[in-house]
file query.tsv (TSV, C-alpha atoms)
chain	number	residue	atom	x	y	z
I	1022	MET	CA	70.18	115.33	65.55
I	1023	ASN	CA	69.96	112.91	62.61
I	1024	LEU	CA	71.29	109.36	62.49
I	1025	SER	CA	74.30	110.13	60.31
I	1026	ARG	CA	75.39	112.87	62.74
I	1027	LEU	CA	75.09	110.49	65.68
I	1028	VAL	CA	77.13	107.82	63.90
I	1029	SER	CA	79.77	110.41	63.00
I	1030	ILE	CA	80.13	111.53	66.61
I	1031	ALA	CA	80.21	107.94	67.84
I	1032	GLY	CA	82.85	107.04	65.29
I	1033	PHE	CA	84.98	110.05	66.23
I	1034	LYS	CA	84.82	109.20	69.94
I	1035	LYS	CA	85.68	105.60	69.21
I	1036	LYS	CA	88.73	106.62	67.15
I	1037	SER	CA	89.86	109.15	69.75
I	1038	LYS	CA	89.53	106.63	72.55
I	1039	GLN	CA	91.61	104.07	70.65
I	1040	GLU	CA	94.30	106.66	69.88
I	1041	ASP	CA	94.40	107.80	73.52
I	1042	PHE	CA	94.68	104.22	74.63
I	1043	LYS	CA	97.51	103.50	72.20
I	1044	GLU	CA	99.39	106.65	73.27
I	1045	GLY	CA	98.95	105.83	76.96
I	1046	ASN	CA	99.96	102.25	76.29
I	1047	GLN	CA	103.18	103.36	74.58
I	1048	GLN	CA	104.07	105.84	77.34
I	1049	SER	CA	103.44	103.32	80.10
I	1050	SER	CA	105.46	100.70	78.25
I	1051	LYS	CA	108.45	103.03	77.91
I	1052	VAL	CA	108.47	103.80	81.63
I	1053	ALA	CA	107.99	100.19	82.61
I	1054	ASP	CA	110.65	98.92	80.21
I	1055	SER	CA	113.25	101.30	81.63
I	1056	MET	CA	112.44	100.92	85.31
I	1057	TRP	CA	110.99	97.46	85.68
I	1058	SER	CA	112.56	95.36	82.93
I	1059	ASP	CA	112.64	92.34	85.25
I	1060	CYS	CA	108.88	92.13	84.80
I	1061	LEU	CA	109.37	90.93	81.24
I	1062	VAL	CA	108.94	87.26	80.48
I	1063	SER	CA	112.45	87.11	79.07
I	1064	SER	CA	113.72	88.07	82.53
I	1065	ALA	CA	111.73	85.48	84.46
I	1066	PRO	CA	113.63	84.05	87.47
I	1067	THR	CA	113.25	80.46	86.31
I	1068	THR	CA	114.57	78.09	83.69
I	1069	ALA	CA	111.03	77.34	82.56
I	1070	ASN	CA	109.88	79.26	79.51
I	1071	PHE	CA	106.72	81.19	80.37
I	1072	LYS	CA	105.08	82.20	77.16
I	1073	LYS	CA	103.60	85.68	77.37
I	1074	GLU	CA	100.21	86.25	75.88
I	1075	GLN	CA	100.78	87.90	72.55
I	1076	GLU	CA	97.48	89.75	72.49
I	1077	THR	CA	96.94	91.14	75.95
I	1078	HIS	CA	94.96	94.04	74.61
I	1079	PRO	CA	93.63	92.99	71.15
I	1080	LEU	CA	92.32	95.74	68.89
I	1081	GLU	CA	88.67	95.88	68.08
I	1082	LYS	CA	87.63	94.31	64.81
I	1083	ALA	CA	86.69	96.74	62.06
I	1084	CYS	CA	82.97	97.22	61.54
I	1085	THR	CA	80.61	99.37	59.53
I	1086	GLU	CA	78.99	102.49	60.96
I	1087	ALA	CA	75.63	100.77	61.15
I	1088	GLU	CA	77.12	97.80	62.96
I	1089	TYR	CA	78.93	100.09	65.38
I	1090	LEU	CA	75.76	102.09	66.12
I	1091	GLU	CA	73.82	98.88	66.69
I	1092	SER	CA	76.55	97.65	69.01
I	1093	LEU	CA	76.47	100.97	70.87
I	1094	VAL	CA	72.74	100.72	71.44
I	1095	LYS	CA	73.03	97.13	72.67
I	1096	THR	CA	75.81	98.15	75.03
I	1097	ILE	CA	73.72	100.95	76.53
I	1098	GLU	CA	70.65	98.75	76.91
I	1099	GLY	CA	72.44	95.62	78.02
I	1100	LYS	CA	75.28	96.91	80.16
I	1101	ILE	CA	75.22	100.61	81.01
I	1102	LEU	CA	71.58	100.98	82.07
I	1103	PRO	CA	71.52	97.80	84.21
I	1104	HIS	CA	74.78	98.94	85.82
I	1105	ILE	CA	73.30	102.36	86.66
I	1106	ILE	CA	70.23	100.72	88.16
I	1107	GLU	CA	72.35	98.31	90.15
I	1108	ARG	CA	74.54	101.10	91.50
I	1109	HIS	CA	71.45	103.08	92.43
I	1110	LEU	CA	70.02	100.16	94.37
I	1111	GLU	CA	73.33	99.58	96.12
I	1112	SER	CA	74.11	103.25	96.77
I	1113	SER	CA	73.50	102.81	100.49
I	1114	ILE	CA	76.35	100.26	100.71
I	1115	PRO	CA	79.88	101.72	100.94
I	1116	GLU	CA	81.92	100.94	97.83
I	1117	ASP	CA	84.88	99.59	99.79
I	1118	LEU	CA	82.63	97.05	101.49
I	1119	LEU	CA	81.35	95.89	98.13
I	1120	ALA	CA	84.93	95.33	96.96
I	1121	LYS	CA	85.86	93.43	100.12
I	1122	ALA	CA	82.79	91.24	99.75
I	1123	ILE	CA	84.19	90.09	96.39
I	1124	ILE	CA	87.87	89.87	97.34
I	1125	ASP	CA	87.95	87.88	100.56
I	1126	GLU	CA	90.31	85.41	102.21
I	1127	THR	CA	89.14	82.67	99.87
I	1128	ARG	CA	90.16	84.70	96.82
I	1129	ILE	CA	93.53	85.51	98.40
I	1130	SER	CA	94.23	81.84	99.18
I	1131	GLU	CA	93.14	80.72	95.71
I	1132	LEU	CA	95.38	83.21	93.90
I	1133	THR	CA	98.29	82.38	96.22
I	1134	GLN	CA	98.07	78.74	95.17
I	1135	LEU	CA	97.74	79.69	91.50
I	1136	VAL	CA	100.90	81.83	91.40
I	1137	LEU	CA	102.79	78.95	93.03
I	1138	GLN	CA	101.78	76.62	90.22
I	1139	GLU	CA	103.87	75.95	87.13
I	1140	ASP	CA	101.40	77.39	84.61
I	1141	ALA	CA	101.43	81.20	84.94
I	1142	ARG	CA	98.41	81.58	82.64
I	1143	THR	CA	95.99	80.29	85.29
I	1144	SER	CA	96.70	83.22	87.61
I	1145	VAL	CA	96.34	85.68	84.74
I	1146	THR	CA	92.93	84.26	83.81
I	1147	TYR	CA	91.85	84.29	87.45
I	1148	VAL	CA	92.65	87.98	87.96
I	1149	LYS	CA	91.19	89.06	84.63
I	1150	THR	CA	87.94	87.27	85.48
I	1151	ILE	CA	87.69	89.23	88.73
I	1152	HIS	CA	88.40	92.48	86.90
I	1153	THR	CA	85.81	91.88	84.18
I	1154	SER	CA	83.21	91.15	86.85
I	1155	GLY	CA	83.37	94.82	87.84
I	1156	THR	CA	86.14	95.02	90.44
I	1157	SER	CA	88.49	97.94	89.81
I	1158	LEU	CA	92.20	97.39	89.26
I	1159	GLU	CA	92.94	99.59	92.27
I	1160	ASP	CA	90.95	97.21	94.48
I	1161	ILE	CA	92.64	94.23	92.83
I	1162	TYR	CA	96.06	95.76	93.53
I	1163	LEU	CA	95.35	96.72	97.15
I	1164	LEU	CA	92.88	94.05	98.31
I	1165	LEU	CA	94.13	91.03	96.37
I	1166	LEU	CA	97.69	91.26	95.04
I	1167	THR	CA	99.13	92.99	98.12
I	1168	PRO	CA	97.70	90.42	100.59
I	1169	VAL	CA	98.87	87.59	98.30
I	1170	ALA	CA	102.41	88.98	98.33
I	1171	ARG	CA	102.31	89.22	102.13
I	1172	LYS	CA	100.99	85.69	102.39
I	1173	LEU	CA	103.85	84.43	100.21
I	1174	GLY	CA	106.33	86.16	102.51
I	1175	GLN	CA	104.76	84.47	105.53
I	1176	MET	CA	104.91	81.09	103.79
I	1177	TRP	CA	108.63	81.57	103.22
I	1178	GLU	CA	109.26	82.63	106.83
I	1179	GLU	CA	107.32	79.62	108.11
I	1180	ASP	CA	109.11	77.23	105.70
I	1181	GLU	CA	105.88	76.38	103.89
I	1182	SER	CA	107.49	77.33	100.56
I	1183	SER	CA	111.09	77.60	99.43
I	1184	PHE	CA	112.82	80.87	98.59
I	1185	THR	CA	112.84	79.90	94.91
I	1186	GLU	CA	109.10	79.16	94.88
I	1187	VAL	CA	108.26	82.45	96.56
I	1188	THR	CA	110.59	84.43	94.26
I	1189	ILE	CA	108.97	82.94	91.15
I	1190	ALA	CA	105.47	83.53	92.55
I	1191	LEU	CA	106.25	87.18	93.33
I	1192	TRP	CA	107.67	87.61	89.84
I	1193	ARG	CA	104.41	86.28	88.41
I	1194	ILE	CA	102.43	88.86	90.38
I	1195	LYS	CA	104.74	91.61	89.13
I	1196	GLN	CA	104.50	90.39	85.54
I	1197	LEU	CA	100.72	90.37	85.88
I	1198	MET	CA	100.80	94.00	87.06
I	1199	TYR	CA	103.10	94.84	84.15
I	1200	ASP	CA	100.50	93.48	81.72
I	1201	LEU	CA	97.68	95.36	83.47
I	1202	SER	CA	99.64	98.62	83.66
I	1203	PRO	CA	98.34	100.14	80.37
I	1204	VAL	CA	94.77	99.70	81.60
I	1205	PHE	CA	95.60	101.00	85.08
I	1206	GLN	CA	97.32	104.07	83.61
I	1207	GLN	CA	94.56	104.73	81.08
I	1208	TYR	CA	92.97	107.24	83.42
I	1209	ALA	CA	96.22	108.78	84.65
I	1210	GLU	CA	96.31	112.46	85.50
I	1211	GLN	CA	96.89	114.34	82.25
I	1212	ASN	CA	98.34	117.38	84.02
I	1213	LYS	CA	101.57	116.68	85.85
I	1214	THR	CA	101.52	117.61	89.52
I	1215	GLY	CA	105.02	119.03	89.35
I	1216	SER	CA	106.06	116.67	92.15
I	1217	SER	CA	108.90	114.19	91.85
I	1218	ILE	CA	109.91	111.10	93.76
I	1219	MET	CA	112.82	108.70	93.85
I	1220	LEU	CA	111.76	105.11	94.45
I	1221	VAL	CA	114.52	102.64	95.25
I	1222	PRO	CA	114.95	99.49	97.31
I	1223	LEU	CA	117.61	99.38	99.98
I	1224	PRO	CA	120.71	97.72	98.44
I	1225	GLY	CA	120.52	94.01	99.19
I	1226	SER	CA	116.71	93.81	99.20
I	1227	GLN	CA	115.52	90.58	97.63
I	1228	HIS	CA	112.07	91.62	96.41
I	1229	ASN	CA	110.76	94.86	94.90
I	1230	LEU	CA	107.14	94.06	94.10
I	1231	GLY	CA	105.96	96.70	96.56
I	1232	LEU	CA	107.96	99.44	94.81
I	1233	PHE	CA	106.52	98.41	91.46
I	1234	MET	CA	103.00	98.81	92.80
I	1235	VAL	CA	103.86	102.14	94.46
I	1236	SER	CA	105.30	103.45	91.18
I	1237	GLU	CA	102.05	102.56	89.40
I	1238	PHE	CA	100.01	104.70	91.80
I	1239	PHE	CA	102.40	107.66	91.68
I	1240	ALA	CA	102.62	107.55	87.88
I	1241	ARG	CA	98.84	107.55	87.57
I	1242	ALA	CA	98.69	110.59	89.87
I	1243	GLY	CA	101.06	112.52	87.59
I	1244	TRP	CA	104.29	112.35	89.61
I	1245	ARG	CA	107.70	112.31	87.94
I	1246	ILE	CA	109.47	109.13	89.02
I	1247	TRP	CA	113.07	108.01	89.05
I	1248	GLY	CA	113.88	104.46	90.04
I	1249	GLU	CA	116.82	102.11	89.81
I	1250	LEU	CA	116.48	98.66	91.35
I	1251	ALA	CA	120.20	97.97	91.46
I	1252	ALA	CA	121.34	101.38	92.76
I	1253	THR	CA	124.05	101.40	95.42
I	1254	GLU	CA	123.95	103.61	98.49
I	1255	GLU	CA	126.50	105.94	96.91
I	1256	GLU	CA	124.38	106.25	93.76
I	1257	ILE	CA	121.21	106.93	95.76
I	1258	ILE	CA	122.90	109.67	97.79
I	1259	ALA	CA	124.52	111.18	94.69
I	1260	MET	CA	121.22	111.20	92.81
I	1261	SER	CA	119.43	112.96	95.66
I	1262	ALA	CA	122.27	115.51	95.84
I	1263	ASN	CA	122.28	116.27	92.10
I	1264	GLU	CA	118.57	116.10	91.26
I	1265	TRP	CA	115.59	117.76	92.95
I	1266	PHE	CA	113.18	115.31	94.52
I	1267	ASP	CA	110.22	116.30	96.64
I	1268	VAL	CA	110.17	112.85	98.21
I	1269	VAL	CA	112.51	109.86	98.37
I	1270	GLY	CA	110.90	106.46	98.82
I	1271	LEU	CA	112.94	103.60	100.28
I	1272	SER	CA	111.95	100.00	100.91
I	1273	ALA	CA	113.57	97.33	103.07
I	1274	SER	CA	112.89	93.61	102.95
I	1275	VAL	CA	113.95	92.47	106.41
I	1276	ARG	CA	114.50	93.92	109.87
I	1277	GLU	CA	118.25	93.31	109.71
I	1278	GLN	CA	118.47	96.11	107.10
I	1279	PHE	CA	117.10	98.77	109.44
I	1280	PRO	CA	120.49	100.03	110.77
I	1281	GLN	CA	121.59	100.46	107.14
I	1282	LEU	CA	118.27	102.15	106.33
I	1283	LYS	CA	118.63	104.59	109.21
I	1284	GLU	CA	122.11	105.70	108.08
I	1285	LEU	CA	120.97	106.05	104.47
I	1286	ILE	CA	118.05	108.28	105.50
I	1287	LYS	CA	120.44	110.46	107.51
I	1288	SER	CA	122.80	110.82	104.53
I	1289	ILE	CA	119.99	111.67	102.11
I	1290	LYS	CA	118.63	114.40	104.36
I	1291	ALA	CA	122.11	115.84	104.89
I	1292	LYS	CA	123.11	115.96	101.20
I	1293	SER	CA	119.80	116.31	99.33
I	1294	LYS	CA	119.49	119.13	96.81
I	1295	ASN	CA	116.07	119.74	98.35
I	1296	PRO	CA	116.66	120.88	101.96
I	1297	HIS	CA	113.11	119.89	102.86
I	1298	VAL	CA	113.06	116.52	101.10
I	1299	GLY	CA	110.58	114.06	102.56
I	1300	VAL	CA	111.58	110.45	103.11
I	1301	ILE	CA	108.93	107.77	103.03
I	1302	ILE	CA	109.75	104.16	103.86
I	1303	GLY	CA	107.99	100.87	103.42
I	1304	SER	CA	108.65	97.36	104.68
I	1305	PRO	CA	106.60	94.27	105.42
I	1306	VAL	CA	108.28	94.30	108.83
I	1307	PHE	CA	106.15	97.28	109.88
I	1308	ASN	CA	103.03	95.10	109.76
I	1309	GLN	CA	104.35	93.17	112.77
I	1310	PHE	CA	106.51	95.85	114.43
I	1311	PRO	CA	105.01	99.30	113.73
I	1312	GLU	CA	106.92	100.80	116.66
I	1313	LEU	CA	110.19	100.45	114.73
I	1314	VAL	CA	109.21	103.30	112.41
I	1315	ASP	CA	109.98	105.99	115.01
I	1316	THR	CA	113.62	104.94	115.32
I	1317	LEU	CA	114.57	105.31	111.65
I	1318	GLY	CA	114.28	109.05	111.08
I	1319	ALA	CA	111.84	108.93	108.17
I	1320	ASP	CA	109.06	111.48	107.68
I	1321	MET	CA	106.43	108.99	106.59
I	1322	VAL	CA	105.72	105.28	106.33
I	1323	GLY	CA	103.56	103.85	103.56
I	1324	ILE	CA	101.30	100.98	104.59
I	1325	ASP	CA	100.41	100.30	100.96
I	1326	ALA	CA	100.65	102.06	97.59
I	1327	ALA	CA	97.54	104.21	98.05
I	1328	ASP	CA	98.58	105.19	101.57
I	1329	ALA	CA	102.08	106.14	100.37
I	1330	LEU	CA	100.68	108.35	97.61
I	1331	GLU	CA	98.25	110.08	99.99
I	1332	LYS	CA	100.93	110.82	102.59
I	1333	ALA	CA	103.52	111.99	100.07
I	1334	THR	CA	100.99	114.27	98.37
I	1335	PHE	CA	99.97	115.79	101.70
I	1336	TYR	CA	103.62	116.32	102.67
I	1337	VAL	CA	104.42	118.20	99.45
I	1338	GLU	CA	101.24	120.29	99.48
I	1339	ARG	CA	101.84	121.31	103.09
I	1340	LEU	CA	105.36	122.55	102.29
I	1341	ARG	CA	104.16	124.53	99.30
I	1342	LYS	CA	101.74	126.46	101.47
I	1343	ILE	CA	104.49	127.59	103.81

call {"tool": "encode", "arguments": {"input": "query.tsv", "output": "structure tokens"}}
result
Amino acid sequence: MNLSRLVSIAGFKKKSKQEDFKEGNQQSSKVADSMWSDCLVSSAPTTANFKKEQETHPLEKACTEAEYLESLVKTIEGKILPHIIERHLESSIPEDLLAKAIIDETRISELTQLVLQEDARTSVTYVKTIHTSGTSLEDIYLLLLTPVARKLGQMWEEDESSFTEVTIALWRIKQLMYDLSPVFQQYAEQNKTGSSIMLVPLPGSQHNLGLFMVSEFFARAGWRIWGELAATEEEIIAMSANEWFDVVGLSASVREQFPQLKELIKSIKAKSKNPHVGVIIGSPVFNQFPELVDTLGADMVGIDAADALEKATFYVERLRKI
């Protein structure tokens, strides 16, 4: 293969990758704008004006074919080959342990303090630095952002931070995930699974960060998602009765909502268009009182976003085999 042919192929792949990224970016933005508009800076829960970075994902500068080929070679020699060698040397170490070695309690405490600060850009820089060091966004979501959100909830319960401070901090985490979403969804399943899920918070819930994260994982797996943060109980029941959902996901903020949650689950199962609809629930309360799950009538409980996706997928696949 001659040099011109190699450059042509490289240029084609580069163009295709950019177009795929743009298309995925636009699709993710449309979904996020309709379902999670409170993630936008203009909807920040504060009077302070947080200026959003205008170039979260800047386009590559134009270059000649020769310059691109030279850059490609340098990338292979300087980044890809050393990475392959490093992974080979570390192949005996489980990947999850490597991630946990990077994201530890110190990282969680540091990011917690950063999101509580006035300048939101510091937390963005902090997370992006961790990501560029080689930690996947999935690990950042599950091992860093989720524990930080839980820690903020504990700080509120123990009166270490005010409700306003915690609300603003949680919004900053959600806005950070909103910015990272195009990258996270870049490798989404191209073929839809055919499965659908409703994701809604119990009316009266104060925070919905967990649902946002869950929706990211389900969207990347190819699920069709419907979500409405301000839906009433009547609207949730009506939606489940009029539209087919394989699974309905509900979240509750506090233990006092559990009687309401139990009745809502009963109504959904009684009136759902899908007679075998699965109900999955999530709540930070289950971390302290896991025994409460059995009294609510749900089919599944999601410990985190990845766990919720795994259980919902298994539930649907099992029914389809019957």

call {"tool": "atom_distance", "arguments": {"input": "query.tsv", "atom1": "CA of Ile1302 in chain I", "atom2": "CA of Asn1263 in chain I"}}
result
21.0 Å

call {"tool": "residues_around", "arguments": {"input": "query.tsv", "residues": "range 1144-1147 of chain I", "least_positions_apart": "6", "cutoff": "10 Å", "atoms": "all atoms listed in the file", "output": "ChimeraX atom specification"}}
result
/I:1074,1128,1131-1138,1193-1194,1196-1198,1200-1201

call {"tool": "write_last_selection", "arguments": {"input": "query.tsv", "atoms": "C-alpha atoms", "output": "compact mmCIF listing (two decimals), in the frame of the given file"}}
result
# COMPACT_ATOMS: atom_id res chain seq x y z
CA GLU I 1074 100.21 86.25 75.88
CA ARG I 1128 90.16 84.70 96.82
CA GLU I 1131 93.14 80.72 95.71
CA LEU I 1132 95.38 83.21 93.90
CA THR I 1133 98.29 82.38 96.22
CA GLN I 1134 98.07 78.74 95.17
CA LEU I 1135 97.74 79.69 91.50
CA VAL I 1136 100.90 81.83 91.40
CA LEU I 1137 102.79 78.95 93.03
CA GLN I 1138 101.78 76.62 90.22
CA ARG I 1193 104.41 86.28 88.41
CA ILE I 1194 102.43 88.86 90.38
CA GLN I 1196 104.50 90.39 85.54
CA LEU I 1197 100.72 90.37 85.88
CA MET I 1198 100.80 94.00 87.06
CA ASP I 1200 100.50 93.48 81.72
CA LEU I 1201 97.68 95.36 83.47

call {"tool": "residues_around", "arguments": {"input": "query.tsv", "residues": "Met1260 in chain I", "least_positions_apart": "3", "cutoff": "10 Å", "atoms": "all atoms listed in the file", "output": "PyMOL selection string"}}
result
chain I and resi 1219+1247+1252+1254-1257+1263-1266+1289+1292-1294

call {"tool": "residues_around", "arguments": {"input": "query.tsv", "residues": "Ala1329 in chain I", "least_positions_apart": "6", "cutoff": "9 Å", "atoms": "only C-alpha atoms", "output": "list in words"}}
result
Val1235, Phe1238, Phe1239, Gly1270, Ile1301, Ile1302, Gly1303, Met1321, Val1322 and Gly1323 of chain I

call {"tool": "closest_residue", "arguments": {"input": "query.tsv", "among": "I:Val1298, I:Leu1330, I:Val1269, I:Ile1286", "to": "Gly1243 in chain I", "atoms": "only C-alpha atoms"}}
result
I:Leu1330

call {"tool": "residues_around", "arguments": {"input": "query.tsv", "residues": "Ala1170 in chain I", "least_positions_apart": "6", "cutoff": "10 Å", "atoms": "only C-alpha atoms", "output": "VMD selection string"}}
result
chain I and resid 1129 1133 1176 1187 1190 to 1191 1194 to 1195 1230 to 1231 1305

call {"tool": "write_last_selection", "arguments": {"input": "query.tsv", "atoms": "C-alpha atoms", "output": "mmCIF file, in the coordinates of the input"}}
result
data_model
loop_
_atom_site.group_PDB
_atom_site.id
_atom_site.type_symbol
_atom_site.label_atom_id
_atom_site.label_comp_id
_atom_site.auth_asym_id
_atom_site.auth_seq_id
_atom_site.Cartn_x
_atom_site.Cartn_y
_atom_site.Cartn_z
ATOM 1 C CA ILE I 1129 93.530 85.510 98.400
ATOM 2 C CA THR I 1133 98.290 82.380 96.220
ATOM 3 C CA MET I 1176 104.910 81.090 103.790
ATOM 4 C CA VAL I 1187 108.260 82.450 96.560
ATOM 5 C CA ALA I 1190 105.470 83.530 92.550
ATOM 6 C CA LEU I 1191 106.250 87.180 93.330
ATOM 7 C CA ILE I 1194 102.430 88.860 90.380
ATOM 8 C CA LYS I 1195 104.740 91.610 89.130
ATOM 9 C CA LEU I 1230 107.140 94.060 94.100
ATOM 10 C CA GLY I 1231 105.960 96.700 96.560
ATOM 11 C CA PRO I 1305 106.600 94.270 105.420
#

call {"tool": "residues_around", "arguments": {"input": "query.tsv", "residues": "Phe1205 in chain I", "least_positions_apart": "6", "cutoff": "8 Å", "atoms": "all atoms listed in the file", "output": "number ranges by chain"}}
result
I: 1158-1159, 1237, 1241

call {"tool": "atom_distance", "arguments": {"input": "query.tsv", "atom1": "CA of Tyr1162 in chain I", "atom2": "CA of Ala1242 in chain I"}}
result
15.5 Å

call {"tool": "closest_residue", "arguments": {"input": "query.tsv", "among": "I:Leu1271, I:Leu1250, I:Ile1124, I:Leu1232", "to": "Val1148 in chain I", "atoms": "only C-alpha atoms"}}
result
I:Ile1124
